[in-house]
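Q: Starting off with a structure, shown below.
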Protein chains: 2
Amino acid sequence: MPIFLDTTDADFDMRFAGLLGMKREADEDVDAAVAAIISDVRARGDVAVQELTAKFDRLELGVLAFSEAEIDAEIAKVPAAEREALELAAERIRAYHEKQVPADARWTDATGAELGWRWTAVSAAGLYVPGGLASYPSSVLMNAIPARVAGVERLCICCPTPGGVVNPLVLLAARLAGVDEIYRIGGAQAVAAMAYGTESIAPVDKITGPGNAFVAAAKRRVFGQVGIDMIAGPSEILVIADAENDPDWIAVDLLSQAEHDESAQSILITDDAAFGQAVAGAVEKRLEVLERRAIAGASWRDFGAVVTVRDLDEAVRLSDRIAPEHLEIACADAESLAAKIRHAGAIFVGSWTPEAIGDYVGGPNHVLPTARSARFSSGLSVLDFMKRTTIARMTPEALAAIGPAAETLAISESLEAHGLSVRARLERLNR
Amino acid sequence: MPIFLDTTDADFDMRFAGLLGMKREADEDVDAAVAAIISDVRARGDVAVQELTAKFDRLELGVLAFSEAEIDAEIAKVPAAEREALELAAERIRAYHEKQVPADARWTDATGAELGWRWTAVSAAGLYVPGGLASYPSSVLMNAIPARVAGVERLCICCPTPGGVVNPLVLLAARLAGVDEIYRIGGAQAVAAMAYGTESIAPVDKITGPGNAFVAAAKRRVFGQVGIDMIAGPSEILVIADAENDPDWIAVDLLSQAEHDESAQSILITDDAAFGQAVAGAVEKRLEVLERRAIAGASWRDFGAVVTVRDLDEAVRLSDRIAPEHLEIACADAESLAAKIRHAGAIFVGSWTPEAIGDYVGGPNHVLPTARSARFSSGLSVLDFMKRTTIARMTPEALAAIGPAAETLAISESLEAHGLSVRARLERLNR
């Protein structure tokens, strides 16, 4: 049974705080193992990667990269319907992300100083793609296309193939997104190889993409040597729905997150307790036959919740406390509720927008902040593959106008040479 | 003596690689100590913070925060010239950062789907300000003003006051920037208090600002619980200068980074070997009398470099390999060289723009990516205190157009409920 809460209950605040603080993932302390793997790869390069791949993926690798011929052969296995669907997804994701390319700026202020900034792309990026059950071609598109749109010159993928099993759709997605190199390696060793380079893998500047505890710990460790995206946690959905919805639609929406992972969390907030019960009933019905009913059922039972609120403004306030990764607003006045939301990774507005549309073909990115991190971070975007260089150009007049203040502050901070670098120039003007 | 390199030397590549790989900071392994401090603060709150402050800062604290009266009293000590300089700096930094506020977007595509995004501010941010020698009021402005411009509602500062010594300019800078709360605590305990909260400090969502090894390790550990900015390393400057410069100007520019820290690095690239020697001579002359000659001299001797190149395009290529935090281009054609640069935190264009202008009153932020991280990251900006929520709204027609592709991909990824959430709606349309 999921948790049923009502904001009119006397113990609501305590129980809601419990929901917020719920620990959904076991702490796996893999940090020491990961540190050892990283230093091994730094010291021994390809040989270390090969040995670790043999150990963890039961795979003896000679060359780490797929050849073009191997990729061609795998891609040829993809049925036409899936290829077309992936092409549509790639096209829509590209169109959305092209609108994110930021503008440079340059202006002259009243002193005559020219100021501004310029955006440039990261030179090389590496994308981590999990193997096995969570090997999603859609995630390849969501990571690789923003990088390409940003102008990243070299794009590589690491995707483990445990036991040699390859997902042809992952290779097709990589091809569609314009990935340059695909390595059949995974885990902390793949992250280390991309961060520090080996004989056969040139180092990258930025690593993105989801992964297991080893991958997450490795990304945290190499942060600074390279840039990383967020550390992803289990997926979540919050649905705010009024009684004017088909309970079954909302039920499958909740299940679409629950089926990802036993640690996933699906929450419904509604202003109608009976509707909440109806949705919970519809979930149980769907769970009877759903393919992944074991996973989805465990997630719903352990972490699912149905919260009844007094009105929908209260729903907005609770939603901001949750800061959900995915927020579906299926209400008559969905648009104005959406406008009030402050913390959410992605909002799906109206009953005709199931969250799953955003996982594949909507256009926005599906790599989104989990575990309440939408309070401070954003989904993956073109900006993650770019950086901004600020620009300043003084004229003698501008320096005369603002230089003395800089000198004063430099002296107050006991940084004499800072002041002298201004003073030396001002003296020339005063001659 | 700094290192002298010439790109025409036979061993240049090897020696330049040595320069790039130079280790300027000792690895301080404080991670275990920091982990213990963080869990102590989480468990015991204010009491732990007070005990740790007594231990590390030799300071018995009752109330952690400065009162308004205490702040007023300290601020009253600031001389008028310094106050005015700080006000000018605040005004110019605000004007620059106001131009960074990003725009929301919303559009309707050919299927009728509405797509877009919306930017919102982080609710609460905490700024770390070092105590002692590196307690810079300018850094308070550089961290706090972008947060305020972003729209952060609650802004607090932690600044240790070892032995009870307070820097009045830090408090004035905080006041000018509109900071709400100032706590006289530092180290990993301050980071832990801001990340997790205590009885007297409400938790924040984002922590920025420089600090020592303990602060850096604590920020790395709380990343995920809160957002953090970059992990700052020692400062660096690269100056590209032709022979048409006063060697003394370039010398003080190099020294303005060298005086920060013995681990700082100052590099000159020039197309004229004799000019390089003249600058090195001017540095030695300035070092004879510079207040911080011990620090600046050690930095210049241990990590300084003068590189002679065949031409200035070669300088651009070397600069991009260094990816400097600060890049000064003092050349006749500074503008077109600047346009060719890909990796730099900040560019100072032309001989009249000493880097120090950017530390105080230029307008751009002085919190910039160090240690070659300009390859993948940017200086602090308004965007660091905001996050983007993506928005999607389907119509029945839009869902009919793109939903089947989503369903196909969901099935290919074995995510049945994802597909069902689309299918349930499409079936309604087909009825």
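Ligands are numbered from 1 in the order shown, residues from 1 within each chain, and chains are lettered A, B, ... in the order they appear in the structure tokens.
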Please provide as a PyMOL selection string all residues within 7 Å of segment 178-193 of chain A, with the sequence filter that same-chain residues fewer than 2 positions apart are discarded (counting only C-alpha atoms).
A: chain A and resi 34+37-38+41+49+53+64-66+144+154-161+174-176+195-198+201+214-215+218-219
Q: Which polymer residues have any atom within 12 Å of an atom of Ile145 of chain B, counting only C-alpha atoms, with same-chain residues fewer than 3 positions away left out, as a ChimeraX atom specification?
A: /B:89-98,100,125,127,138-142,148-152,155,173-179,363-365,380-382,384-385
Q: Got time to write the residues from that selection, C-alpha atoms, as a JSON list (two decimals), in the first residue's frame?
A:
```
[["chain", "number", "residue", "atom", "x", "y", "z"],
["B", 89, "ALA", "CA", 32.48, 48.15, -7.33],
["B", 90, "ALA", "CA", 29.06, 46.93, -6.17],
["B", 91, "GLU", "CA", 27.28, 49.16, -8.65],
["B", 92, "ARG", "CA", 29.42, 48.03, -11.59],
["B", 93, "ILE", "CA", 29.24, 44.35, -10.67],
["B", 94, "ARG", "CA", 25.46, 44.64, -10.38],
["B", 95, "ALA", "CA", 25.15, 46.37, -13.76],
["B", 96, "TYR", "CA", 27.22, 43.66, -15.46],
["B", 97, "HIS", "CA", 25.37, 40.77, -13.86],
["B", 98, "GLU", "CA", 21.94, 42.20, -14.55],
["B", 100, "GLN", "CA", 23.07, 37.89, -17.49],
["B", 125, "ALA", "CA", 22.09, 30.54, -0.91],
["B", 127, "LEU", "CA", 28.35, 32.17, 0.69],
["B", 138, "SER", "CA", 35.58, 42.03, -3.19],
["B", 139, "SER", "CA", 34.77, 38.30, -3.12],
["B", 140, "VAL", "CA", 31.71, 38.98, -1.00],
["B", 141, "LEU", "CA", 30.42, 41.30, -3.73],
["B", 142, "MET", "CA", 31.33, 38.83, -6.47],
["B", 148, "ARG", "CA", 20.66, 38.85, -5.48],
["B", 149, "VAL", "CA", 20.36, 39.66, -9.16],
["B", 150, "ALA", "CA", 19.16, 36.10, -9.75],
["B", 151, "GLY", "CA", 16.39, 36.69, -7.23],
["B", 152, "VAL", "CA", 17.60, 34.51, -4.37],
["B", 155, "LEU", "CA", 21.30, 34.96, 1.38],
["B", 173, "ALA", "CA", 30.42, 44.41, 1.38],
["B", 174, "ALA", "CA", 27.79, 42.02, 2.71],
["B", 175, "ARG", "CA", 25.55, 44.96, 3.62],
["B", 176, "LEU", "CA", 26.02, 46.59, 0.21],
["B", 177, "ALA", "CA", 25.23, 43.32, -1.52],
["B", 178, "GLY", "CA", 22.06, 42.80, 0.53],
["B", 179, "VAL", "CA", 23.11, 39.75, 2.54],
["B", 363, "GLY", "CA", 32.03, 44.40, -13.65],
["B", 364, "PRO", "CA", 32.61, 40.77, -14.68],
["B", 365, "ASN", "CA", 32.96, 38.21, -11.93],
["B", 380, "LEU", "CA", 30.43, 32.54, -11.35],
["B", 381, "SER", "CA", 27.31, 34.17, -12.77],
["B", 382, "VAL", "CA", 23.64, 34.79, -12.22],
["B", 384, "ASP", "CA", 24.68, 29.68, -10.83],
["B", 385, "PHE", "CA", 21.82, 30.89, -8.64]]
```
Q: Name all residues at most 10 Å from Trp107 of chain A (count only C-alpha atoms; drop same-chain ones fewer than 6 positions away) and give them as a list in words.
A: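 Once the nearby chain positions are removed, what remains is Ala113, Glu114, Leu115, Gly116, Trp117 and Ala392 of chain A; Tyr96 of chain B.
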Q: Output the selection as an mmCIF file, in the first residue's frame - N, CA and C atoms for each residue.
A:
```
data_model
loop_
_atom_site.group_PDB
_atom_site.id
_atom_site.type_symbol
_atom_site.label_atom_id
_atom_site.label_comp_id
_atom_site.auth_asym_id
_atom_site.auth_seq_id
_atom_site.Cartn_x
_atom_site.Cartn_y
_atom_site.Cartn_z
ATOM 1 N N ALA A 113 34.416 51.840 -21.068
ATOM 2 C CA ALA A 113 34.878 50.459 -20.924
ATOM 3 C C ALA A 113 33.997 49.535 -21.763
ATOM 4 N N GLU A 114 34.649 48.625 -22.475
ATOM 5 C CA GLU A 114 33.879 47.605 -23.208
ATOM 6 C C GLU A 114 33.811 46.349 -22.361
ATOM 7 N N LEU A 115 32.616 45.820 -22.230
ATOM 8 C CA LEU A 115 32.405 44.639 -21.397
ATOM 9 C C LEU A 115 31.575 43.617 -22.159
ATOM 10 N N GLY A 116 31.611 42.385 -21.711
ATOM 11 C CA GLY A 116 30.767 41.384 -22.349
ATOM 12 C C GLY A 116 31.182 39.979 -21.986
ATOM 13 N N TRP A 117 30.724 39.054 -22.803
ATOM 14 C CA TRP A 117 31.132 37.651 -22.645
ATOM 15 C C TRP A 117 30.944 36.929 -23.961
ATOM 16 N N ALA A 392 36.710 42.073 -20.864
ATOM 17 C CA ALA A 392 36.776 43.478 -20.454
ATOM 18 C C ALA A 392 37.846 44.171 -21.268
ATOM 19 N N TYR B 96 26.751 44.731 -14.563
ATOM 20 C CA TYR B 96 27.219 43.665 -15.460
ATOM 21 C C TYR B 96 26.337 42.427 -15.326
#
```
Q: Write out as a ChimeraX atom specification all residues of segment 137-194 of chain A that DSSP puts in strand (DSSP E) for this structure's backbone.
A: /A:154-158,181-183
Q: Restricting the calculation to only C-alpha atoms, which member of B:Arg431, B:Arg44, B:Arg221, B:Arg24 is positioned closest to chain A?
A: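 That would be B:Arg221, the residue with the smallest distance to chain A.
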Q: Report the residues of segment 39-214 of chain A whose backbone DSSP state falls under alpha helix (DSSP H), written as an NGL selection string.
A: :A and (39-44 or 46-57 or 68-75 or 80-98 or 137-150 or 168-177 or 187-196 or 213-214)
Q: In Å to one decimal, how far is atom CA of Gly379 of chain B from atom CA of Pro137 of chain B?
A: 17.8 Å
Q: What does the distance between atom CA of Pro162 of chain A and atom CA of Ser200 of chain A come to in Å, to one decimal place?
A: 20.3 Å
Q: Calculated over only C-alpha atoms, which of the candidates A:Phe275, A:Gly350, A:Val289, A:Thr111 has the smallest distance to Gly362 of chain B?
A: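 Counting only C-alpha atoms, the residue closest to Gly362 of chain B is A:Thr111.
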Q: For Glu259 of chain B, find every residue with an atom within 8 Å (counting only C-alpha atoms), except residues of its own chain fewer than 3 positions away, and show them as a ChimeraX atom specification.
A: /A:415,417 /B:255-256,262,264,292-293,295-297,299
Q: Just the number, please: distance in Å from atom CA of Val367 of chain B to atom CA of Ala334 of chain B, one decimal.
A: 23.3 Å
Q: Return the single residue from B:Ala315, B:Ala410, B:His418, B:Ile267 that is closest to Arg301 of chain B, with distances computed using only C-alpha atoms.
A: B:Ile267
Q: For Val63 of chain A, which residue among A:Glu199, A:Ala356, A:Glu397, A:Ala26 is the nearest when counting only C-alpha atoms?
A: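 Smallest distance to Val63 of chain A is found for A:Glu199.
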Q: Mind checking which residues fall within 12 Å of segment 319-322 of chain B, counting only C-alpha atoms, ignoring those fewer than 4 positions away in the same chain, and posting them as a PyMOL selection string?
A: (chain A and resi 120+122-123+205) or (chain B and resi 13+16-22+236-240+265-270+307+309+312-315+326-329+337-338+340-345+347+369-376)
Q: Just checking: using only C-alpha atoms, which residue out of B:Met394, B:Leu287, B:Ala216, B:Leu420 ends up closest to Leu254 of chain A?
A: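 Checking each of B:Met394, B:Leu287, B:Ala216, B:Leu420 against Leu254 of chain A, counting only C-alpha atoms, the winner is B:Leu420.
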Q: So, counting only C-alpha atoms, which residue among A:Val101, A:Ala278, A:Tyr136, A:Ser377 is closest to Gln225 of chain B?
A: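 When distances to Gln225 of chain B are compared using only C-alpha atoms, the smallest one comes from A:Ser377.
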Q: Need the shell around Leu426 of chain A: protein/DNA/RNA residues with any atom at most 9 Å away, counting only C-alpha atoms. Skip same-chain ones fewer than 3 positions apart. Format as a PyMOL selection string?
A: chain A and resi 396+399-400+403-404+422-423+429-431
